[in-house]
Amino acid sequence: MTQRTDAEARQEKAEGIGSPRKTKELLQKHGFSFKKSLGQNFLIDGNILRNIADAAELSSTKGALEIGPGAGALTEKLAERSGRVVAIEIDQRLLPMLEDSLSAYPNVTIVHGDVLKVDLRALFREQFDGLDGVSVVANLPYYITTPIVMKLLEERLPVESIVVMIQKEVADRFAAPPGSKDYGSLSVAVQYYAVPEIVAKVPHTVFIPQPNVDSAVVKLKMRSAPPVDVKDEALFFDVVQAAFAQRRKTLLNNLQQRFFAEPGGKETCRAFLEGCGIAPERRGETLSLSEFASIANALHSRGV
């Protein structure tokens with residue numbers, strides 16, 4: 001009996017914070033109840049936790065920024081692989097649990113705050129100075145995935161990659177190629193800043209509590225420069241948004257409403273698109289980033 005108990009203890013230690021037993025023990029010890037409004041779903045699968053951490057390609061000379069550490073299951077894996085981990089947690093109730101679960105890891109700092117309001121540039125200067133590189137790694141709440149990812153991308157933070165577990169449907173949109181049903185303005189925006197790769201599919205059964213949909217781990221490898229040359233980024237994204245304003249409408253109809261609203265604008269828009277080498281009857285979902293850039297740069301040349 002004693003031998004079996006010792007074996008179980010070794011297994012639980014190997015599994016770490018993210019084991020079902022340890023997670024439930026922490027929840028009970030701290031009297032924690034999940035808040036649906038915060039999209040809290042704790043991952044309890046050691047293999048998936050390791051796969052997420054491994055995808056970030058960390059080392060003792062690199063750092064990791066985690067968003068929403070929960071009980072600290074992923075934080076632990078990051079701490080074992082990197083020189084410094086900073087985890088931003090919005091739920092103050094989790095701070096004592098994290099202090100408890102991560103007490104053995106002096107290279108972890110917990111920041112209480114809302115990542116959408118935190119000055120991330122200042123945080124990077126204060127926390128990651130002197131490291132060889134930083135990656136963002138997180139199990140993101142479904143309801144706020146896009147705003148968080150777009151903030152990380154648009155602020156052009158000094159990160160090597162962003163590795164996040166998100167709703168599978170959103171991951172598919174991140175990585176979708178032109179012409180596919182999932183390709184849209186979000187695909188263009190993400191691929192402008194990064195190269196997306198779906199690392200793994202994750203069933204809903206490996207969370208506490210279980211969400212209603214499956215997840216996926218996606219890695220966004222940051223680009224050193226955008227893949228297309230645009231004269232005005234704001235105009236480029238304006239063109240993208242306009243092209244997808246009504247997916248079933250043609251580029252001619254969507255762009256005419258946004259950029260050629262004057263009388264006779266439809267024919268002007270038709271001639272403009274043809275001048276860009278793009279058939280007016282095409283839809284936004286068929287255009288590549290370079291074709292969007294071509295339209296935006298031509299509009300810029302017209303003084304738009």
# chains A, B, ... in the order shown; residues from 1 in each chain; ligands from 1
$ residues_around --residues "A:Leu95" --least-positions-apart "5" --cutoff "10 Å" --atoms "only C-alpha atoms" --output "list in words"
Pro69, Gly70, Ala71, Glu89, Ile90, Asp100, Ser101, Ile110, Val111 and His112 of chain A
$ residues_around --residues "A:Gly265" --least-positions-apart "4" --cutoff "12 Å" --atoms "only C-alpha atoms" --output "list in words"
Leu252, Asn253, Asn254, Leu255, Gln256, Gln257, Arg258, Phe259, Phe260, Ala261, Cys269, Arg270, Ala271 and Phe272 of chain A
$ write_last_selection --atoms "N, CA, C and O atoms" --output "short mmCIF file (atom, residue, chain, number, x, y, z; two decimals), in the first residue's frame"
data_model
loop_
_atom_site.label_atom_id
_atom_site.label_comp_id
_atom_site.auth_asym_id
_atom_site.auth_seq_id
_atom_site.Cartn_x
_atom_site.Cartn_y
_atom_site.Cartn_z
N LEU A 252 -16.79 45.99 -55.45
CA LEU A 252 -17.35 47.19 -56.07
C LEU A 252 -18.37 47.84 -55.16
O LEU A 252 -18.32 49.05 -54.89
N ASN A 253 -19.30 47.06 -54.65
CA ASN A 253 -20.35 47.61 -53.80
C ASN A 253 -19.83 48.08 -52.45
O ASN A 253 -20.18 49.17 -51.97
N ASN A 254 -19.00 47.26 -51.83
CA ASN A 254 -18.49 47.61 -50.50
C ASN A 254 -17.57 48.84 -50.53
O ASN A 254 -17.70 49.74 -49.70
N LEU A 255 -16.63 48.86 -51.49
CA LEU A 255 -15.69 49.98 -51.54
C LEU A 255 -16.34 51.26 -52.05
O LEU A 255 -15.97 52.36 -51.64
N GLN A 256 -17.31 51.10 -52.94
CA GLN A 256 -18.01 52.29 -53.44
C GLN A 256 -18.73 53.01 -52.31
O GLN A 256 -18.68 54.24 -52.21
N GLN A 257 -19.36 52.25 -51.43
CA GLN A 257 -20.08 52.86 -50.32
C GLN A 257 -19.14 53.58 -49.36
O GLN A 257 -19.50 54.61 -48.79
N ARG A 258 -17.93 53.09 -49.22
CA ARG A 258 -16.99 53.70 -48.27
C ARG A 258 -16.15 54.81 -48.89
O ARG A 258 -15.92 55.84 -48.26
N PHE A 259 -15.68 54.62 -50.11
CA PHE A 259 -14.70 55.55 -50.67
C PHE A 259 -15.17 56.34 -51.89
O PHE A 259 -14.52 57.31 -52.28
N PHE A 260 -16.26 55.92 -52.50
CA PHE A 260 -16.73 56.60 -53.72
C PHE A 260 -18.23 56.86 -53.61
O PHE A 260 -19.03 56.44 -54.46
N ALA A 261 -18.62 57.55 -52.56
CA ALA A 261 -20.05 57.74 -52.26
C ALA A 261 -20.69 58.86 -53.08
O ALA A 261 -21.90 59.03 -53.04
N CYS A 269 -15.51 53.85 -59.05
CA CYS A 269 -14.93 52.76 -58.28
C CYS A 269 -14.57 51.58 -59.18
O CYS A 269 -13.53 50.95 -59.01
N ARG A 270 -15.43 51.30 -60.13
CA ARG A 270 -15.17 50.19 -61.07
C ARG A 270 -13.87 50.45 -61.83
O ARG A 270 -13.00 49.57 -61.92
N ALA A 271 -13.73 51.65 -62.35
CA ALA A 271 -12.53 51.99 -63.11
C ALA A 271 -11.29 51.96 -62.21
O ALA A 271 -10.21 51.53 -62.62
N PHE A 272 -11.47 52.40 -60.97
CA PHE A 272 -10.36 52.40 -60.02
C PHE A 272 -9.87 50.99 -59.77
O PHE A 272 -8.67 50.71 -59.81
#
$ select_by_dssp --residues "stretch 128-212 of chain A" --states "strand (DSSP E or B)" --output "MDAnalysis selection string"
chainID A and resid 133:139 161:167 194:202 207:208
$ write_last_selection --atoms "N, CA and C atoms" --output "PDB file, in the first residue's frame"
ATOM      1  N   GLY A 133      15.046  37.725 -25.088  1.00  0.00           N
ATOM      2  CA  GLY A 133      13.784  37.739 -25.832  1.00  0.00           C
ATOM      3  C   GLY A 133      12.632  37.456 -24.894  1.00  0.00           C
ATOM      4  N   VAL A 134      11.429  37.809 -25.341  1.00  0.00           N
ATOM      5  CA  VAL A 134      10.228  37.598 -24.540  1.00  0.00           C
ATOM      6  C   VAL A 134       9.133  37.038 -25.426  1.00  0.00           C
ATOM      7  N   SER A 135       8.360  36.093 -24.892  1.00  0.00           N
ATOM      8  CA  SER A 135       7.175  35.575 -25.579  1.00  0.00           C
ATOM      9  C   SER A 135       5.954  35.776 -24.687  1.00  0.00           C
ATOM     10  N   VAL A 136       4.823  35.986 -25.319  1.00  0.00           N
ATOM     11  CA  VAL A 136       3.560  36.046 -24.591  1.00  0.00           C
ATOM     12  C   VAL A 136       2.933  34.663 -24.669  1.00  0.00           C
ATOM     13  N   VAL A 137       2.508  34.129 -23.535  1.00  0.00           N
ATOM     14  CA  VAL A 137       1.912  32.793 -23.491  1.00  0.00           C
ATOM     15  C   VAL A 137       0.676  32.868 -22.604  1.00  0.00           C
ATOM     16  N   ALA A 138      -0.457  32.341 -23.090  1.00  0.00           N
ATOM     17  CA  ALA A 138      -1.679  32.503 -22.298  1.00  0.00           C
ATOM     18  C   ALA A 138      -2.774  31.535 -22.723  1.00  0.00           C
ATOM     19  N   ASN A 139      -3.623  31.245 -21.746  1.00  0.00           N
ATOM     20  CA  ASN A 139      -4.901  30.585 -21.998  1.00  0.00           C
ATOM     21  C   ASN A 139      -5.937  31.695 -21.874  1.00  0.00           C
ATOM     22  N   SER A 161       7.197  35.886 -30.007  1.00  0.00           N
ATOM     23  CA  SER A 161       6.015  35.143 -30.428  1.00  0.00           C
ATOM     24  C   SER A 161       4.902  35.312 -29.402  1.00  0.00           C
ATOM     25  N   ILE A 162       3.692  35.011 -29.841  1.00  0.00           N
ATOM     26  CA  ILE A 162       2.522  34.989 -28.977  1.00  0.00           C
ATOM     27  C   ILE A 162       1.921  33.593 -29.100  1.00  0.00           C
ATOM     28  N   VAL A 163       1.904  32.848 -28.021  1.00  0.00           N
ATOM     29  CA  VAL A 163       1.352  31.494 -28.020  1.00  0.00           C
ATOM     30  C   VAL A 163       0.130  31.498 -27.116  1.00  0.00           C
ATOM     31  N   VAL A 164      -1.044  31.317 -27.710  1.00  0.00           N
ATOM     32  CA  VAL A 164      -2.274  31.431 -26.930  1.00  0.00           C
ATOM     33  C   VAL A 164      -3.227  30.270 -27.224  1.00  0.00           C
ATOM     34  N   MET A 165      -3.928  29.865 -26.175  1.00  0.00           N
ATOM     35  CA  MET A 165      -5.018  28.912 -26.356  1.00  0.00           C
ATOM     36  C   MET A 165      -6.310  29.713 -26.420  1.00  0.00           C
ATOM     37  N   ILE A 166      -7.032  29.536 -27.502  1.00  0.00           N
ATOM     38  CA  ILE A 166      -8.238  30.311 -27.753  1.00  0.00           C
ATOM     39  C   ILE A 166      -9.309  29.396 -28.337  1.00  0.00           C
ATOM     40  N   GLN A 167     -10.482  29.929 -28.519  1.00  0.00           N
ATOM     41  CA  GLN A 167     -11.556  29.159 -29.142  1.00  0.00           C
ATOM     42  C   GLN A 167     -11.107  28.700 -30.528  1.00  0.00           C
ATOM     43  N   ALA A 194       2.020  39.057 -37.994  1.00  0.00           N
ATOM     44  CA  ALA A 194       2.628  37.800 -37.546  1.00  0.00           C
ATOM     45  C   ALA A 194       2.341  36.664 -38.520  1.00  0.00           C
ATOM     46  N   VAL A 195       3.088  35.581 -38.337  1.00  0.00           N
ATOM     47  CA  VAL A 195       2.856  34.350 -39.107  1.00  0.00           C
ATOM     48  C   VAL A 195       2.159  33.364 -38.184  1.00  0.00           C
ATOM     49  N   PRO A 196       0.876  33.057 -38.438  1.00  0.00           N
ATOM     50  CA  PRO A 196       0.140  32.172 -37.524  1.00  0.00           C
ATOM     51  C   PRO A 196       0.341  30.692 -37.848  1.00  0.00           C
ATOM     52  N   GLU A 197       0.353  29.891 -36.796  1.00  0.00           N
ATOM     53  CA  GLU A 197       0.449  28.430 -36.937  1.00  0.00           C
ATOM     54  C   GLU A 197      -0.392  27.778 -35.850  1.00  0.00           C
ATOM     55  N   ILE A 198      -1.305  26.914 -36.239  1.00  0.00           N
ATOM     56  CA  ILE A 198      -2.093  26.190 -35.246  1.00  0.00           C
ATOM     57  C   ILE A 198      -1.249  25.025 -34.744  1.00  0.00           C
ATOM     58  N   VAL A 199      -0.934  25.067 -33.448  1.00  0.00           N
ATOM     59  CA  VAL A 199      -0.025  24.093 -32.844  1.00  0.00           C
ATOM     60  C   VAL A 199      -0.761  22.827 -32.433  1.00  0.00           C
ATOM     61  N   ALA A 200      -1.966  22.973 -31.887  1.00  0.00           N
ATOM     62  CA  ALA A 200      -2.699  21.803 -31.397  1.00  0.00           C
ATOM     63  C   ALA A 200      -4.176  22.128 -31.258  1.00  0.00           C
ATOM     64  N   LYS A 201      -5.003  21.113 -31.408  1.00  0.00           N
ATOM     65  CA  LYS A 201      -6.435  21.219 -31.120  1.00  0.00           C
ATOM     66  C   LYS A 201      -6.655  20.686 -29.703  1.00  0.00           C
ATOM     67  N   VAL A 202      -7.527  21.342 -28.968  1.00  0.00           N
ATOM     68  CA  VAL A 202      -7.724  21.002 -27.553  1.00  0.00           C
ATOM     69  C   VAL A 202      -9.214  20.762 -27.285  1.00  0.00           C
ATOM     70  N   PHE A 207     -10.840  20.930 -19.307  1.00  0.00           N
ATOM     71  CA  PHE A 207     -10.916  22.154 -18.517  1.00  0.00           C
ATOM     72  C   PHE A 207     -11.848  21.966 -17.320  1.00  0.00           C
ATOM     73  N   ILE A 208     -11.618  22.785 -16.299  1.00  0.00           N
ATOM     74  CA  ILE A 208     -12.556  22.943 -15.182  1.00  0.00           C
ATOM     75  C   ILE A 208     -12.911  24.425 -15.108  1.00  0.00           C
TER      76      ILE A 208
END
$ residues_around --residues "A:Leu287" --least-positions-apart "4" --cutoff "10 Å" --atoms "only C-alpha atoms" --output "JSON, numbers by chain"
{"A": [177, 178, 179, 183, 184, 188, 240, 243, 251, 278, 282, 283, 291, 292, 293]}
$ write_last_selection --atoms "all heavy atoms" --output "mmCIF file, in the first residue's frame"
data_model
loop_
_atom_site.group_PDB
_atom_site.id
_atom_site.type_symbol
_atom_site.label_atom_id
_atom_site.label_comp_id
_atom_site.auth_asym_id
_atom_site.auth_seq_id
_atom_site.Cartn_x
_atom_site.Cartn_y
_atom_site.Cartn_z
ATOM 1 N N PRO A 177 -6.349 31.124 -44.977
ATOM 2 C CA PRO A 177 -5.802 31.706 -46.206
ATOM 3 C C PRO A 177 -6.903 32.378 -47.025
ATOM 4 O O PRO A 177 -8.089 32.113 -46.807
ATOM 5 C CB PRO A 177 -5.254 30.480 -46.945
ATOM 6 C CG PRO A 177 -6.188 29.371 -46.537
ATOM 7 C CD PRO A 177 -6.574 29.669 -45.113
ATOM 8 N N PRO A 178 -6.540 33.256 -47.958
ATOM 9 C CA PRO A 178 -7.551 33.880 -48.819
ATOM 10 C C PRO A 178 -8.381 32.829 -49.554
ATOM 11 O O PRO A 178 -7.861 31.780 -49.957
ATOM 12 C CB PRO A 178 -6.711 34.696 -49.805
ATOM 13 C CG PRO A 178 -5.423 34.951 -49.085
ATOM 14 C CD PRO A 178 -5.189 33.739 -48.248
ATOM 15 N N GLY A 179 -9.661 33.096 -49.672
ATOM 16 C CA GLY A 179 -10.547 32.188 -50.393
ATOM 17 C C GLY A 179 -11.230 31.170 -49.523
ATOM 18 O O GLY A 179 -12.140 30.475 -49.971
ATOM 19 N N TYR A 183 -11.620 33.126 -43.678
ATOM 20 C CA TYR A 183 -10.779 34.295 -43.974
ATOM 21 C C TYR A 183 -11.594 35.571 -43.897
ATOM 22 O O TYR A 183 -12.666 35.679 -44.484
ATOM 23 C CB TYR A 183 -10.194 34.142 -45.371
ATOM 24 C CG TYR A 183 -9.194 35.198 -45.802
ATOM 25 C CD1 TYR A 183 -7.911 35.240 -45.250
ATOM 26 C CD2 TYR A 183 -9.519 36.133 -46.774
ATOM 27 C CE1 TYR A 183 -6.980 36.185 -45.675
ATOM 28 C CE2 TYR A 183 -8.599 37.073 -47.213
ATOM 29 C CZ TYR A 183 -7.333 37.096 -46.651
ATOM 30 O OH TYR A 183 -6.416 38.032 -47.077
ATOM 31 N N GLY A 184 -11.089 36.535 -43.123
ATOM 32 C CA GLY A 184 -11.795 37.799 -42.976
ATOM 33 C C GLY A 184 -10.855 38.896 -42.514
ATOM 34 O O GLY A 184 -9.624 38.748 -42.567
ATOM 35 N N VAL A 188 -6.566 39.020 -41.949
ATOM 36 C CA VAL A 188 -5.654 39.979 -42.568
ATOM 37 C C VAL A 188 -4.862 40.725 -41.498
ATOM 38 O O VAL A 188 -3.640 40.891 -41.604
ATOM 39 C CB VAL A 188 -6.428 40.967 -43.454
ATOM 40 C CG1 VAL A 188 -5.485 42.044 -44.006
ATOM 41 C CG2 VAL A 188 -7.118 40.247 -44.602
ATOM 42 N N VAL A 240 -9.558 47.147 -45.671
ATOM 43 C CA VAL A 240 -9.879 45.767 -45.284
ATOM 44 C C VAL A 240 -11.255 45.707 -44.621
ATOM 45 O O VAL A 240 -12.089 44.859 -44.956
ATOM 46 C CB VAL A 240 -8.799 45.203 -44.343
ATOM 47 C CG1 VAL A 240 -9.217 43.833 -43.799
ATOM 48 C CG2 VAL A 240 -7.461 45.098 -45.067
ATOM 49 N N ALA A 243 -13.979 46.196 -47.184
ATOM 50 C CA ALA A 243 -14.130 45.060 -48.099
ATOM 51 C C ALA A 243 -14.939 43.932 -47.481
ATOM 52 O O ALA A 243 -15.626 43.181 -48.189
ATOM 53 C CB ALA A 243 -12.756 44.546 -48.524
ATOM 54 N N LEU A 251 -16.576 43.630 -54.032
ATOM 55 C CA LEU A 251 -15.683 44.739 -53.711
ATOM 56 C C LEU A 251 -16.236 46.050 -54.257
ATOM 57 O O LEU A 251 -16.164 47.085 -53.597
ATOM 58 C CB LEU A 251 -14.304 44.484 -54.331
ATOM 59 C CG LEU A 251 -13.333 43.582 -53.588
ATOM 60 C CD1 LEU A 251 -12.096 43.364 -54.443
ATOM 61 C CD2 LEU A 251 -12.947 44.188 -52.245
ATOM 62 N N ILE A 278 -7.685 44.511 -60.345
ATOM 63 C CA ILE A 278 -8.561 43.668 -59.526
ATOM 64 C C ILE A 278 -9.980 43.733 -60.072
ATOM 65 O O ILE A 278 -10.541 44.825 -60.237
ATOM 66 C CB ILE A 278 -8.534 44.135 -58.057
ATOM 67 C CG1 ILE A 278 -7.119 43.932 -57.487
ATOM 68 C CG2 ILE A 278 -9.553 43.378 -57.205
ATOM 69 C CD1 ILE A 278 -6.906 44.545 -56.125
ATOM 70 N N ARG A 282 -15.111 40.680 -57.636
ATOM 71 C CA ARG A 282 -14.552 39.815 -56.589
ATOM 72 C C ARG A 282 -15.067 40.247 -55.222
ATOM 73 O O ARG A 282 -15.541 41.368 -55.035
ATOM 74 C CB ARG A 282 -13.025 39.861 -56.617
ATOM 75 C CG ARG A 282 -12.426 39.166 -57.825
ATOM 76 C CD ARG A 282 -10.923 39.332 -57.866
ATOM 77 N NE ARG A 282 -10.256 38.703 -56.721
ATOM 78 C CZ ARG A 282 -8.940 38.809 -56.503
ATOM 79 N NH1 ARG A 282 -8.180 39.528 -57.323
ATOM 80 N NH2 ARG A 282 -8.398 38.203 -55.464
ATOM 81 N N ARG A 283 -14.951 39.333 -54.264
ATOM 82 C CA ARG A 283 -15.326 39.642 -52.895
ATOM 83 C C ARG A 283 -14.077 39.742 -52.032
ATOM 84 O O ARG A 283 -13.028 39.165 -52.359
ATOM 85 C CB ARG A 283 -16.275 38.570 -52.342
ATOM 86 C CG ARG A 283 -17.654 38.615 -52.987
ATOM 87 C CD ARG A 283 -18.581 37.560 -52.396
ATOM 88 N NE ARG A 283 -19.963 37.758 -52.832
ATOM 89 C CZ ARG A 283 -20.455 37.364 -54.006
ATOM 90 N NH1 ARG A 283 -19.662 36.737 -54.861
ATOM 91 N NH2 ARG A 283 -21.715 37.601 -54.317
ATOM 92 N N GLU A 291 -2.910 42.417 -52.423
ATOM 93 C CA GLU A 291 -3.972 43.068 -53.193
ATOM 94 C C GLU A 291 -4.668 44.148 -52.363
ATOM 95 O O GLU A 291 -5.012 45.219 -52.883
ATOM 96 C CB GLU A 291 -4.978 42.022 -53.683
ATOM 97 C CG GLU A 291 -4.402 41.151 -54.790
ATOM 98 C CD GLU A 291 -5.333 40.023 -55.205
ATOM 99 O OE1 GLU A 291 -5.885 39.348 -54.304
ATOM 100 O OE2 GLU A 291 -5.492 39.811 -56.421
ATOM 101 N N PHE A 292 -4.860 43.891 -51.075
ATOM 102 C CA PHE A 292 -5.401 44.947 -50.208
ATOM 103 C C PHE A 292 -4.449 46.132 -50.168
ATOM 104 O O PHE A 292 -4.867 47.295 -50.190
ATOM 105 C CB PHE A 292 -5.633 44.410 -48.794
ATOM 106 C CG PHE A 292 -6.906 43.633 -48.626
ATOM 107 C CD1 PHE A 292 -6.879 42.298 -48.252
ATOM 108 C CD2 PHE A 292 -8.145 44.236 -48.837
ATOM 109 C CE1 PHE A 292 -8.056 41.587 -48.089
ATOM 110 C CE2 PHE A 292 -9.324 43.527 -48.676
ATOM 111 C CZ PHE A 292 -9.284 42.199 -48.297
ATOM 112 N N ALA A 293 -3.139 45.849 -50.094
ATOM 113 C CA ALA A 293 -2.147 46.911 -50.068
ATOM 114 C C ALA A 293 -2.173 47.713 -51.363
ATOM 115 O O ALA A 293 -2.034 48.947 -51.347
ATOM 116 C CB ALA A 293 -0.759 46.326 -49.833
#
$ residues_around --residues "stretch 143-148 of chain A" --least-positions-apart "3" --cutoff "10 Å" --atoms "only C-alpha atoms" --output "ChimeraX atom specification"
/A:37-39,67,115-116,139-140,151-153,164-167,170,174,186,190
$ residues_around --residues "stretch 23-26 of chain A" --least-positions-apart "6" --cutoff "12 Å" --atoms "only C-alpha atoms" --output "number ranges by chain"
A: 12, 15-17, 32-33, 41-46, 70-74, 94, 96-102, 207-209
$ closest_atom_pairs --of "stretch 200-242 of chain A" --to "stretch 298-301 of chain A" --cutoff "8 Å" --atoms "only C-alpha atoms" --output "Markdown table"
| residue | atom | partner | partner_atom | distance |
| --- | --- | --- | --- | --- |
| A:Lys231 | CA | A:His300 | CA | 7.2 |
| A:Asp232 | CA | A:His300 | CA | 7.2 |
| A:Leu235 | CA | A:His300 | CA | 7.6 |
$ write_last_selection --atoms "C-alpha atoms" --output "PDB file, in the first residue's frame"
ATOM      1  CA  LYS A 231       1.904  54.015 -47.418  1.00  0.00           C
ATOM      2  CA  ASP A 232      -0.773  54.490 -44.768  1.00  0.00           C
ATOM      3  CA  LEU A 235      -6.017  53.461 -44.663  1.00  0.00           C
TER       4      LEU A 235
END
